[in-house]
Amino acid sequence: MAAQATKVLQSGCNKVFAFNIQQRKFSASSTKMAAKVGFIGLGNMGGHMAKNLLKKGYPLVVYDVSKDNLNTLKEAGAEVAGSPAEVASGVTKVVSMLPESSHVKQVYTAENGVFSTVKSGSLLMDCSTIDPSVSQVMASLAAEKGVTFVDAPVSGGVNAARDGILTFMVGGPEDGYEAASEYLSCMGKNVVHCGAVGTGQAAKICNNMLLGISMIGVSETMNLGIKLGLDPKMLAKILNMSSGRCWSSEVYNPCPGVLDGVPSSNNYKGGFGAALMTKDLGLAQSASTSTKSPTPLGSMAHQMYRIMTNHGYGEKDFSSVFKFLQEQEGKK
Ligand code: NAD
């Protein structure tokens, strides 16, 4: 079922689309005016995602605590609201893209939060990476109001958000997934149904635990190779035609100068901050504790990014672990 739906949804979205559940496909509708969509959290990811919805013909009402981020979306054509409650009062579809569990709880459950005004029958799509148990609590609170909540965290970084090619991992009921797909497919190229609420988050934190570990592995390897006198570009080439190859070595190499257009070649600016990686690895550790799953490397990776964050690397892309290792070496 998920594979079939994913394949269909890879066709994407061009302007205003109507989702036909019978045929399981989208069809363009230039005559029908799309209903307004709410969007909360307009940061590195959400800002691009909201703009893509606008480009696809969905009028937006947006909210963020950052006035700068609100103004950017206002200039792009969105209507600005004064609170999450004001967003939810005027729409039946809301997308949120917030940093952590605490922000999601606040945006949905605070006095001026989404749940204070949300209309029965609404669909809430939270794309933030948060604790799966928080997604489940939000879904229960939503259900009390006759509202569907799906978790829909993303993989793909800021460039994928800008280009509308994210992968969404959706947790929620089948009909919620189908309804959400109309909107998510305008911001991404894959929309995968993972199962019940919280399973999108589960898939996301598993992926990021592996990514955090592999980035440290590639950084250690590149650093060692350079110390042994190898040219970094040549070493990366060898790795990428050998069994050590992975996304961190091939697409996002952490060693400056090996690849163009990645954070390591831009002083680790942009991309996915080490603080956010620390957060995701913390979520993986909570999950490993609650399920009693041994994740020794995940635990070490978590501590590594935490140390980096405490040493001023929080805003730098997580591939800066390469630079951090070199700096520690320089202290000998
Ligand atoms: P960000 O910090 O750039 O953006 C978050 C936005 O939320 C900011 O604009 C902030 O002002 C706003 N915000 C915070 N509290 C708020 C509140 N109470 N009400 C309204 N707005 C509020 O973060 P980001 O990089 O866009 O990441 C968002 C989520 O996506 C995170 O959960 C992150 O783990 C996940 N993610 C990020 C990347 C990436 O490459 N940056 C990739 C995949 C997933």
# chains A, B, ... in the order shown; residues from 1 in each chain; ligands from 1
$ residues_near_ligand --ligand "ligand 1" --cutoff "6 Å" --atoms "only C-alpha atoms and all ligand atoms" --output "number ranges by chain"
A: 40-46, 63-66, 97-100, 103, 106-107, 128-129, 154-158, 271-272, 276
$ residues_around --residues "Asn112 in chain A" --least-positions-apart "4" --cutoff "10 Å" --atoms "only C-alpha atoms" --output "number ranges by chain"
A: 82-86, 106-108, 116-117
$ write_last_selection --atoms "all heavy atoms" --output "PDB file, in the first residue's frame"
ATOM      1  N   GLY A  82      -1.205  36.820  14.121  1.00  0.00           N
ATOM      2  CA  GLY A  82      -0.541  37.252  15.345  1.00  0.00           C
ATOM      3  C   GLY A  82      -0.295  36.136  16.340  1.00  0.00           C
ATOM      4  O   GLY A  82       0.366  36.343  17.363  1.00  0.00           O
ATOM      5  N   SER A  83      -0.813  34.932  16.061  1.00  0.00           N
ATOM      6  CA  SER A  83      -0.623  33.802  16.988  1.00  0.00           C
ATOM      7  C   SER A  83      -1.016  32.509  16.271  1.00  0.00           C
ATOM      8  O   SER A  83      -1.728  32.544  15.257  1.00  0.00           O
ATOM      9  CB  SER A  83      -1.521  33.972  18.220  1.00  0.00           C
ATOM     10  OG  SER A  83      -2.875  33.854  17.820  1.00  0.00           O
ATOM     11  N   PRO A  84      -0.608  31.352  16.838  1.00  0.00           N
ATOM     12  CA  PRO A  84      -1.061  30.079  16.251  1.00  0.00           C
ATOM     13  C   PRO A  84      -2.586  29.975  16.271  1.00  0.00           C
ATOM     14  O   PRO A  84      -3.199  29.439  15.338  1.00  0.00           O
ATOM     15  CB  PRO A  84      -0.417  29.027  17.162  1.00  0.00           C
ATOM     16  CG  PRO A  84       0.783  29.712  17.738  1.00  0.00           C
ATOM     17  CD  PRO A  84       0.390  31.147  17.909  1.00  0.00           C
ATOM     18  N   ALA A  85      -3.220  30.521  17.337  1.00  0.00           N
ATOM     19  CA  ALA A  85      -4.683  30.476  17.419  1.00  0.00           C
ATOM     20  C   ALA A  85      -5.308  31.213  16.243  1.00  0.00           C
ATOM     21  O   ALA A  85      -6.285  30.742  15.644  1.00  0.00           O
ATOM     22  CB  ALA A  85      -5.138  31.099  18.737  1.00  0.00           C
ATOM     23  N   GLU A  86      -4.727  32.353  15.897  1.00  0.00           N
ATOM     24  CA  GLU A  86      -5.282  33.140  14.778  1.00  0.00           C
ATOM     25  C   GLU A  86      -5.113  32.385  13.457  1.00  0.00           C
ATOM     26  O   GLU A  86      -5.993  32.423  12.601  1.00  0.00           O
ATOM     27  CB  GLU A  86      -4.566  34.499  14.725  1.00  0.00           C
ATOM     28  CG  GLU A  86      -5.336  35.553  13.968  1.00  0.00           C
ATOM     29  CD  GLU A  86      -4.571  36.877  13.950  1.00  0.00           C
ATOM     30  OE1 GLU A  86      -4.035  37.288  15.000  1.00  0.00           O
ATOM     31  OE2 GLU A  86      -4.482  37.468  12.860  1.00  0.00           O
ATOM     32  N   GLN A 106       4.036  23.949  22.786  1.00  0.00           N
ATOM     33  CA  GLN A 106       3.598  25.343  22.994  1.00  0.00           C
ATOM     34  C   GLN A 106       2.666  25.804  21.868  1.00  0.00           C
ATOM     35  O   GLN A 106       1.605  26.372  22.125  1.00  0.00           O
ATOM     36  CB  GLN A 106       4.838  26.232  23.069  1.00  0.00           C
ATOM     37  CG  GLN A 106       4.549  27.699  22.808  1.00  0.00           C
ATOM     38  CD  GLN A 106       5.193  28.601  23.817  1.00  0.00           C
ATOM     39  OE1 GLN A 106       6.320  28.330  24.236  1.00  0.00           O
ATOM     40  NE2 GLN A 106       4.521  29.641  24.219  1.00  0.00           N
ATOM     41  N   VAL A 107       3.079  25.580  20.638  1.00  0.00           N
ATOM     42  CA  VAL A 107       2.303  26.076  19.495  1.00  0.00           C
ATOM     43  C   VAL A 107       0.911  25.440  19.450  1.00  0.00           C
ATOM     44  O   VAL A 107      -0.072  26.092  19.095  1.00  0.00           O
ATOM     45  CB  VAL A 107       3.077  25.829  18.174  1.00  0.00           C
ATOM     46  CG1 VAL A 107       2.166  25.847  16.954  1.00  0.00           C
ATOM     47  CG2 VAL A 107       4.187  26.861  18.033  1.00  0.00           C
ATOM     48  N   TYR A 108       0.813  24.192  19.853  1.00  0.00           N
ATOM     49  CA  TYR A 108      -0.492  23.518  19.776  1.00  0.00           C
ATOM     50  C   TYR A 108      -1.333  23.692  21.041  1.00  0.00           C
ATOM     51  O   TYR A 108      -2.546  23.856  20.958  1.00  0.00           O
ATOM     52  CB  TYR A 108      -0.311  22.031  19.450  1.00  0.00           C
ATOM     53  CG  TYR A 108      -0.017  21.811  17.977  1.00  0.00           C
ATOM     54  CD1 TYR A 108       1.294  21.786  17.495  1.00  0.00           C
ATOM     55  CD2 TYR A 108      -1.046  21.661  17.052  1.00  0.00           C
ATOM     56  CE1 TYR A 108       1.573  21.624  16.151  1.00  0.00           C
ATOM     57  CE2 TYR A 108      -0.785  21.498  15.702  1.00  0.00           C
ATOM     58  CZ  TYR A 108       0.524  21.483  15.255  1.00  0.00           C
ATOM     59  OH  TYR A 108       0.782  21.339  13.903  1.00  0.00           O
ATOM     60  N   SER A 116      -6.737  25.937  20.663  1.00  0.00           N
ATOM     61  CA  SER A 116      -7.732  26.836  21.274  1.00  0.00           C
ATOM     62  C   SER A 116      -8.780  27.297  20.263  1.00  0.00           C
ATOM     63  O   SER A 116      -9.861  27.725  20.652  1.00  0.00           O
ATOM     64  CB  SER A 116      -7.038  28.042  21.913  1.00  0.00           C
ATOM     65  OG  SER A 116      -6.447  28.850  20.921  1.00  0.00           O
ATOM     66  N   THR A 117      -8.448  27.209  18.954  1.00  0.00           N
ATOM     67  CA  THR A 117      -9.415  27.720  17.963  1.00  0.00           C
ATOM     68  C   THR A 117      -9.683  26.736  16.818  1.00  0.00           C
ATOM     69  O   THR A 117     -10.507  27.026  15.959  1.00  0.00           O
ATOM     70  CB  THR A 117      -8.873  29.017  17.298  1.00  0.00           C
ATOM     71  OG1 THR A 117      -7.588  28.712  16.749  1.00  0.00           O
ATOM     72  CG2 THR A 117      -8.772  30.160  18.286  1.00  0.00           C
TER      73      THR A 117
END
$ atom_distance --atom1 "CA of Pro254 in chain A" --atom2 "CA of Ile216 in chain A"
9.1 Å
$ atom_distance --atom1 "CA of Pro132 in chain A" --atom2 "CA of Ala202 in chain A"
6.4 Å
$ closest_residue --among "A:Gly176, A:Gly200, A:Gly113, A:Pro256" --to "Cys127 in chain A" --atoms "only C-alpha atoms"
A:Gly200
$ atom_distance --atom1 "CA of Cys246 in chain A" --atom2 "CA of Gly312 in chain A"
27.3 Å
$ residues_around --residues "range 323-327 of chain A" --least-positions-apart "4" --cutoff "12 Å" --atoms "only C-alpha atoms" --output "number ranges by chain"
A: 215-224, 226-227, 254-256, 263-265, 267-268, 274, 304-314, 316-319, 331-332
$ write_last_selection --atoms "N, CA and C atoms" --output "mmCIF file, in the first residue's frame"
data_model
loop_
_atom_site.group_PDB
_atom_site.id
_atom_site.type_symbol
_atom_site.label_atom_id
_atom_site.label_comp_id
_atom_site.auth_asym_id
_atom_site.auth_seq_id
_atom_site.Cartn_x
_atom_site.Cartn_y
_atom_site.Cartn_z
ATOM 1 N N MET A 215 28.624 10.216 9.776
ATOM 2 C CA MET A 215 29.387 11.453 9.551
ATOM 3 C C MET A 215 30.639 11.485 10.423
ATOM 4 N N ILE A 216 30.529 10.981 11.649
ATOM 5 C CA ILE A 216 31.721 10.923 12.502
ATOM 6 C C ILE A 216 32.725 9.934 11.903
ATOM 7 N N GLY A 217 32.230 8.806 11.433
ATOM 8 C CA GLY A 217 33.108 7.790 10.831
ATOM 9 C C GLY A 217 33.857 8.335 9.629
ATOM 10 N N VAL A 218 33.157 9.038 8.764
ATOM 11 C CA VAL A 218 33.813 9.596 7.572
ATOM 12 C C VAL A 218 34.824 10.671 7.991
ATOM 13 N N SER A 219 34.472 11.463 9.008
ATOM 14 C CA SER A 219 35.381 12.529 9.455
ATOM 15 C C SER A 219 36.671 11.937 10.022
ATOM 16 N N GLU A 220 36.536 10.911 10.851
ATOM 17 C CA GLU A 220 37.728 10.255 11.415
ATOM 18 C C GLU A 220 38.596 9.683 10.301
ATOM 19 N N THR A 221 37.918 9.067 9.332
ATOM 20 C CA THR A 221 38.622 8.407 8.225
ATOM 21 C C THR A 221 39.369 9.418 7.360
ATOM 22 N N MET A 222 38.698 10.500 7.013
ATOM 23 C CA MET A 222 39.334 11.517 6.173
ATOM 24 C C MET A 222 40.531 12.121 6.904
ATOM 25 N N ASN A 223 40.342 12.388 8.196
ATOM 26 C CA ASN A 223 41.425 12.998 8.971
ATOM 27 C C ASN A 223 42.637 12.068 9.060
ATOM 28 N N LEU A 224 42.360 10.795 9.330
ATOM 29 C CA LEU A 224 43.450 9.815 9.416
ATOM 30 C C LEU A 224 44.180 9.702 8.078
ATOM 31 N N ILE A 226 44.442 11.857 5.671
ATOM 32 C CA ILE A 226 45.252 13.058 5.394
ATOM 33 C C ILE A 226 46.557 12.986 6.200
ATOM 34 N N LYS A 227 46.445 12.544 7.459
ATOM 35 C CA LYS A 227 47.637 12.398 8.313
ATOM 36 C C LYS A 227 48.618 11.377 7.729
ATOM 37 N N PRO A 254 32.657 15.748 4.636
ATOM 38 C CA PRO A 254 32.936 16.772 5.654
ATOM 39 C C PRO A 254 34.276 17.482 5.503
ATOM 40 N N CYS A 255 35.132 16.998 4.598
ATOM 41 C CA CYS A 255 36.463 17.597 4.447
ATOM 42 C C CYS A 255 36.391 18.766 3.449
ATOM 43 N N PRO A 256 36.771 19.983 3.873
ATOM 44 C CA PRO A 256 36.689 21.136 2.973
ATOM 45 C C PRO A 256 37.431 20.887 1.661
ATOM 46 N N PRO A 263 28.218 22.281 2.883
ATOM 47 C CA PRO A 263 28.649 23.162 3.982
ATOM 48 C C PRO A 263 30.147 23.096 4.291
ATOM 49 N N SER A 264 30.781 21.916 4.133
ATOM 50 C CA SER A 264 32.211 21.829 4.474
ATOM 51 C C SER A 264 33.057 22.743 3.593
ATOM 52 N N SER A 265 32.565 23.054 2.407
ATOM 53 C CA SER A 265 33.318 23.954 1.525
ATOM 54 C C SER A 265 32.859 25.393 1.683
ATOM 55 N N ASN A 267 32.786 26.905 5.009
ATOM 56 C CA ASN A 267 33.041 27.102 6.442
ATOM 57 C C ASN A 267 31.908 26.559 7.320
ATOM 58 N N TYR A 268 31.275 25.497 6.872
ATOM 59 C CA TYR A 268 30.207 24.791 7.608
ATOM 60 C C TYR A 268 28.995 25.686 7.883
ATOM 61 N N ALA A 274 24.736 21.370 14.174
ATOM 62 C CA ALA A 274 25.139 20.320 15.129
ATOM 63 C C ALA A 274 24.174 20.272 16.323
ATOM 64 N N MET A 304 29.217 13.113 21.347
ATOM 65 C CA MET A 304 30.178 13.836 20.496
ATOM 66 C C MET A 304 29.578 15.156 20.010
ATOM 67 N N TYR A 305 28.335 15.100 19.493
ATOM 68 C CA TYR A 305 27.708 16.332 18.989
ATOM 69 C C TYR A 305 27.350 17.268 20.146
ATOM 70 N N ARG A 306 27.068 16.691 21.313
ATOM 71 C CA ARG A 306 26.781 17.546 22.470
ATOM 72 C C ARG A 306 28.044 18.324 22.871
ATOM 73 N N ILE A 307 29.175 17.624 22.876
ATOM 74 C CA ILE A 307 30.439 18.306 23.220
ATOM 75 C C ILE A 307 30.713 19.419 22.197
ATOM 76 N N MET A 308 30.516 19.086 20.915
ATOM 77 C CA MET A 308 30.719 20.106 19.872
ATOM 78 C C MET A 308 29.825 21.317 20.110
ATOM 79 N N THR A 309 28.554 21.039 20.405
ATOM 80 C CA THR A 309 27.598 22.137 20.617
ATOM 81 C C THR A 309 28.047 22.995 21.800
ATOM 82 N N ASN A 310 28.529 22.332 22.854
ATOM 83 C CA ASN A 310 29.004 23.082 24.032
ATOM 84 C C ASN A 310 30.286 23.859 23.744
ATOM 85 N N HIS A 311 30.952 23.520 22.646
ATOM 86 C CA HIS A 311 32.174 24.240 22.266
ATOM 87 C C HIS A 311 31.911 25.241 21.137
ATOM 88 N N GLY A 312 30.678 25.666 20.988
ATOM 89 C CA GLY A 312 30.374 26.725 20.013
ATOM 90 C C GLY A 312 30.115 26.243 18.600
ATOM 91 N N TYR A 313 29.905 24.931 18.416
ATOM 92 C CA TYR A 313 29.657 24.398 17.073
ATOM 93 C C TYR A 313 28.162 24.228 16.767
ATOM 94 N N GLY A 314 27.304 24.633 17.705
ATOM 95 C CA GLY A 314 25.875 24.342 17.566
ATOM 96 C C GLY A 314 25.243 24.837 16.278
ATOM 97 N N LYS A 316 26.927 25.528 13.510
ATOM 98 C CA LYS A 316 27.643 25.032 12.320
ATOM 99 C C LYS A 316 27.003 23.734 11.847
ATOM 100 N N ASP A 317 27.106 23.479 10.544
ATOM 101 C CA ASP A 317 26.602 22.218 10.011
ATOM 102 C C ASP A 317 27.255 21.041 10.757
ATOM 103 N N PHE A 318 26.489 19.954 10.908
ATOM 104 C CA PHE A 318 26.981 18.827 11.716
ATOM 105 C C PHE A 318 28.230 18.178 11.120
ATOM 106 N N SER A 319 28.495 18.401 9.809
ATOM 107 C CA SER A 319 29.717 17.831 9.215
ATOM 108 C C SER A 319 30.973 18.515 9.771
ATOM 109 N N LYS A 331 45.295 20.698 19.928
ATOM 110 C CA LYS A 331 45.473 21.073 21.347
ATOM 111 C C LYS A 331 46.496 20.184 22.035
ATOM 112 N N LYS A 332 46.949 19.135 21.320
ATOM 113 C CA LYS A 332 47.871 18.190 21.976
ATOM 114 C C LYS A 332 49.165 18.888 22.380
#
$ select_by_dssp --residues "range 156-273 of chain A" --states "strand (DSSP E)" --output "PyMOL selection string"
chain A and resi 166-171+188-195
$ write_last_selection --atoms "N, CA, C and O atoms" --output "PDB file, in the first residue's frame"
ATOM      1  N   LEU A 166      11.852  17.262  -0.765  1.00  0.00           N
ATOM      2  CA  LEU A 166      11.992  16.576   0.522  1.00  0.00           C
ATOM      3  C   LEU A 166      11.336  15.198   0.467  1.00  0.00           C
ATOM      4  O   LEU A 166      10.504  14.929  -0.405  1.00  0.00           O
ATOM      5  N   THR A 167      11.718  14.337   1.417  1.00  0.00           N
ATOM      6  CA  THR A 167      10.977  13.098   1.656  1.00  0.00           C
ATOM      7  C   THR A 167      10.221  13.261   2.970  1.00  0.00           C
ATOM      8  O   THR A 167      10.820  13.645   3.985  1.00  0.00           O
ATOM      9  N   PHE A 168       8.920  13.021   2.938  1.00  0.00           N
ATOM     10  CA  PHE A 168       8.088  13.106   4.142  1.00  0.00           C
ATOM     11  C   PHE A 168       7.808  11.704   4.654  1.00  0.00           C
ATOM     12  O   PHE A 168       7.407  10.825   3.879  1.00  0.00           O
ATOM     13  N   MET A 169       7.999  11.499   5.954  1.00  0.00           N
ATOM     14  CA  MET A 169       7.697  10.216   6.601  1.00  0.00           C
ATOM     15  C   MET A 169       6.457  10.445   7.460  1.00  0.00           C
ATOM     16  O   MET A 169       6.536  11.134   8.480  1.00  0.00           O
ATOM     17  N   VAL A 170       5.338   9.902   7.024  1.00  0.00           N
ATOM     18  CA  VAL A 170       4.060  10.277   7.636  1.00  0.00           C
ATOM     19  C   VAL A 170       3.560   9.197   8.579  1.00  0.00           C
ATOM     20  O   VAL A 170       3.480   8.021   8.218  1.00  0.00           O
ATOM     21  N   GLY A 171       3.189   9.629   9.806  1.00  0.00           N
ATOM     22  CA  GLY A 171       2.541   8.731  10.758  1.00  0.00           C
ATOM     23  C   GLY A 171       1.130   9.226  11.013  1.00  0.00           C
ATOM     24  O   GLY A 171       0.931  10.399  11.332  1.00  0.00           O
ATOM     25  N   GLY A 188       7.632  18.195  -1.477  1.00  0.00           N
ATOM     26  CA  GLY A 188       8.582  17.087  -1.507  1.00  0.00           C
ATOM     27  C   GLY A 188       8.338  16.162  -2.674  1.00  0.00           C
ATOM     28  O   GLY A 188       7.312  16.247  -3.347  1.00  0.00           O
ATOM     29  N   LYS A 189       9.294  15.270  -2.897  1.00  0.00           N
ATOM     30  CA  LYS A 189       9.139  14.322  -4.020  1.00  0.00           C
ATOM     31  C   LYS A 189       8.688  12.952  -3.554  1.00  0.00           C
ATOM     32  O   LYS A 189       8.212  12.152  -4.357  1.00  0.00           O
ATOM     33  N   ASN A 190       8.842  12.640  -2.265  1.00  0.00           N
ATOM     34  CA  ASN A 190       8.372  11.353  -1.734  1.00  0.00           C
ATOM     35  C   ASN A 190       7.530  11.614  -0.497  1.00  0.00           C
ATOM     36  O   ASN A 190       7.940  12.384   0.375  1.00  0.00           O
ATOM     37  N   VAL A 191       6.378  10.963  -0.443  1.00  0.00           N
ATOM     38  CA  VAL A 191       5.519  11.053   0.747  1.00  0.00           C
ATOM     39  C   VAL A 191       5.211   9.617   1.140  1.00  0.00           C
ATOM     40  O   VAL A 191       4.451   8.924   0.457  1.00  0.00           O
ATOM     41  N   VAL A 192       5.845   9.150   2.217  1.00  0.00           N
ATOM     42  CA  VAL A 192       5.774   7.727   2.576  1.00  0.00           C
ATOM     43  C   VAL A 192       4.917   7.555   3.830  1.00  0.00           C
ATOM     44  O   VAL A 192       5.124   8.252   4.825  1.00  0.00           O
ATOM     45  N   HIS A 193       3.956   6.636   3.754  1.00  0.00           N
ATOM     46  CA  HIS A 193       3.143   6.345   4.941  1.00  0.00           C
ATOM     47  C   HIS A 193       3.866   5.284   5.769  1.00  0.00           C
ATOM     48  O   HIS A 193       4.067   4.163   5.321  1.00  0.00           O
ATOM     49  N   CYS A 194       4.260   5.657   7.011  1.00  0.00           N
ATOM     50  CA  CYS A 194       5.044   4.731   7.841  1.00  0.00           C
ATOM     51  C   CYS A 194       4.176   3.896   8.767  1.00  0.00           C
ATOM     52  O   CYS A 194       4.623   2.864   9.270  1.00  0.00           O
ATOM     53  N   GLY A 195       2.940   4.342   9.040  1.00  0.00           N
ATOM     54  CA  GLY A 195       2.062   3.621   9.962  1.00  0.00           C
ATOM     55  C   GLY A 195       1.312   4.598  10.846  1.00  0.00           C
ATOM     56  O   GLY A 195       0.999   5.705  10.407  1.00  0.00           O
TER      57      GLY A 195
END
$ select_by_dssp --residues "range 39-283 of chain A" --states "helix (DSSP H, G or I)" --output "VMD selection string"
chain A and resid 46 to 55 67 to 75 84 to 89 101 to 109 114 to 116 132 to 144 158 to 163 174 to 184 199 to 227 232 to 240 247 to 250 263 to 266 274 to 283
$ write_last_selection --atoms "C-alpha atoms" --output "short mmCIF file (atom, residue, chain, number, x, y, z; two decimals), in the first residue's frame"
data_model
loop_
_atom_site.label_atom_id
_atom_site.label_comp_id
_atom_site.auth_asym_id
_atom_site.auth_seq_id
_atom_site.Cartn_x
_atom_site.Cartn_y
_atom_site.Cartn_z
CA GLY A 46 9.73 26.04 6.96
CA GLY A 47 10.44 29.28 5.10
CA HIS A 48 11.22 27.41 1.87
CA MET A 49 8.41 24.91 2.38
CA ALA A 50 5.85 27.68 2.85
CA LYS A 51 7.10 29.45 -0.27
CA ASN A 52 6.68 26.24 -2.26
CA LEU A 53 3.05 25.96 -1.15
CA LEU A 54 2.52 29.57 -2.24
CA LYS A 55 4.14 28.83 -5.60
CA LYS A 67 9.43 39.05 12.83
CA ASP A 68 12.15 38.78 10.16
CA ASN A 69 10.91 35.37 9.07
CA LEU A 70 7.31 36.62 9.05
CA ASN A 71 8.29 39.57 6.87
CA THR A 72 10.06 37.33 4.38
CA LEU A 73 6.85 35.34 3.87
CA LYS A 74 4.73 38.48 3.81
CA GLU A 75 6.88 39.77 0.96
CA PRO A 84 -1.06 30.08 16.25
CA ALA A 85 -4.68 30.48 17.42
CA GLU A 86 -5.28 33.14 14.78
CA VAL A 87 -3.79 30.86 12.10
CA ALA A 88 -6.02 27.92 13.07
CA SER A 89 -9.18 30.03 13.33
CA SER A 101 9.12 18.99 21.09
CA SER A 102 8.74 21.91 23.52
CA HIS A 103 7.95 24.34 20.67
CA VAL A 104 5.38 21.95 19.21
CA LYS A 105 3.68 21.57 22.61
CA GLN A 106 3.60 25.34 22.99
CA VAL A 107 2.30 26.08 19.49
CA TYR A 108 -0.49 23.52 19.78
CA THR A 109 -1.51 23.56 23.45
CA VAL A 114 -3.76 25.90 17.62
CA PHE A 115 -6.06 23.76 19.80
CA SER A 116 -7.73 26.84 21.27
CA PRO A 132 7.26 10.31 18.82
CA SER A 133 5.40 10.25 22.15
CA VAL A 134 4.74 14.00 21.84
CA SER A 135 3.25 13.45 18.37
CA GLN A 136 0.99 10.79 19.91
CA VAL A 137 -0.16 13.14 22.68
CA MET A 138 -0.88 15.87 20.10
CA ALA A 139 -2.88 13.40 18.02
CA SER A 140 -4.97 12.40 21.08
CA LEU A 141 -5.68 16.04 21.94
CA ALA A 142 -6.59 16.68 18.31
CA ALA A 143 -8.94 13.68 18.24
CA GLU A 144 -10.82 15.13 21.26
CA VAL A 158 17.67 23.20 3.36
CA ASN A 159 18.45 22.85 -0.37
CA ALA A 160 15.91 20.02 -0.69
CA ALA A 161 13.35 22.20 1.11
CA ARG A 162 14.10 25.05 -1.30
CA ASP A 163 13.85 22.78 -4.35
CA GLU A 174 -4.61 6.18 6.15
CA ASP A 175 -7.19 8.88 5.38
CA GLY A 176 -5.08 11.49 7.21
CA TYR A 177 -2.06 10.44 5.17
CA GLU A 178 -4.03 10.70 1.93
CA ALA A 179 -5.40 14.12 2.80
CA ALA A 180 -1.97 15.36 3.91
CA SER A 181 -0.34 14.09 0.72
CA GLU A 182 -2.01 16.81 -1.34
CA TYR A 183 -0.01 19.43 0.57
CA LEU A 184 3.16 17.50 1.35
CA THR A 199 5.98 6.20 13.24
CA GLY A 200 7.08 9.04 10.94
CA GLN A 201 9.19 10.33 13.84
CA ALA A 202 10.47 6.82 14.55
CA ALA A 203 11.69 6.45 10.94
CA LYS A 204 13.25 9.91 11.03
CA ILE A 205 15.22 9.44 14.26
CA CYS A 206 16.49 6.03 13.12
CA ASN A 207 17.77 7.60 9.90
CA ASN A 208 19.41 10.49 11.72
CA MET A 209 21.08 8.22 14.25
CA LEU A 210 22.74 6.39 11.37
CA LEU A 211 23.62 9.68 9.67
CA GLY A 212 25.18 11.12 12.84
CA ILE A 213 27.30 7.99 13.29
CA SER A 214 28.35 7.79 9.64
CA MET A 215 29.39 11.45 9.55
CA ILE A 216 31.72 10.92 12.50
CA GLY A 217 33.11 7.79 10.83
CA VAL A 218 33.81 9.60 7.57
CA SER A 219 35.38 12.53 9.45
CA GLU A 220 37.73 10.26 11.42
CA THR A 221 38.62 8.41 8.23
CA MET A 222 39.33 11.52 6.17
CA ASN A 223 41.42 13.00 8.97
CA LEU A 224 43.45 9.82 9.42
CA GLY A 225 44.00 9.47 5.67
CA ILE A 226 45.25 13.06 5.39
CA LYS A 227 47.64 12.40 8.31
CA PRO A 232 41.68 14.20 0.46
CA LYS A 233 39.98 14.22 -2.97
CA MET A 234 41.75 11.02 -3.94
CA LEU A 235 40.85 9.38 -0.62
CA ALA A 236 37.19 10.36 -1.04
CA LYS A 237 37.26 8.91 -4.57
CA ILE A 238 38.66 5.61 -3.27
CA LEU A 239 36.08 5.46 -0.44
CA ASN A 240 33.28 6.14 -2.88
CA TRP A 247 26.01 9.44 1.85
CA SER A 248 28.39 11.26 4.22
CA SER A 249 31.42 10.34 2.11
CA GLU A 250 29.85 10.72 -1.32
CA PRO A 263 28.65 23.16 3.98
CA SER A 264 32.21 21.83 4.47
CA SER A 265 33.32 23.95 1.52
CA ASN A 266 31.53 27.00 2.94
CA ALA A 274 25.14 20.32 15.13
CA ALA A 275 22.64 21.44 17.82
CA LEU A 276 19.73 19.98 15.82
CA MET A 277 21.70 16.77 15.26
CA THR A 278 22.33 16.62 19.03
CA LYS A 279 18.58 16.96 19.56
CA ASP A 280 17.78 14.15 17.11
CA LEU A 281 20.38 11.83 18.65
CA GLY A 282 18.90 12.61 22.06
CA LEU A 283 15.50 11.52 20.74
#
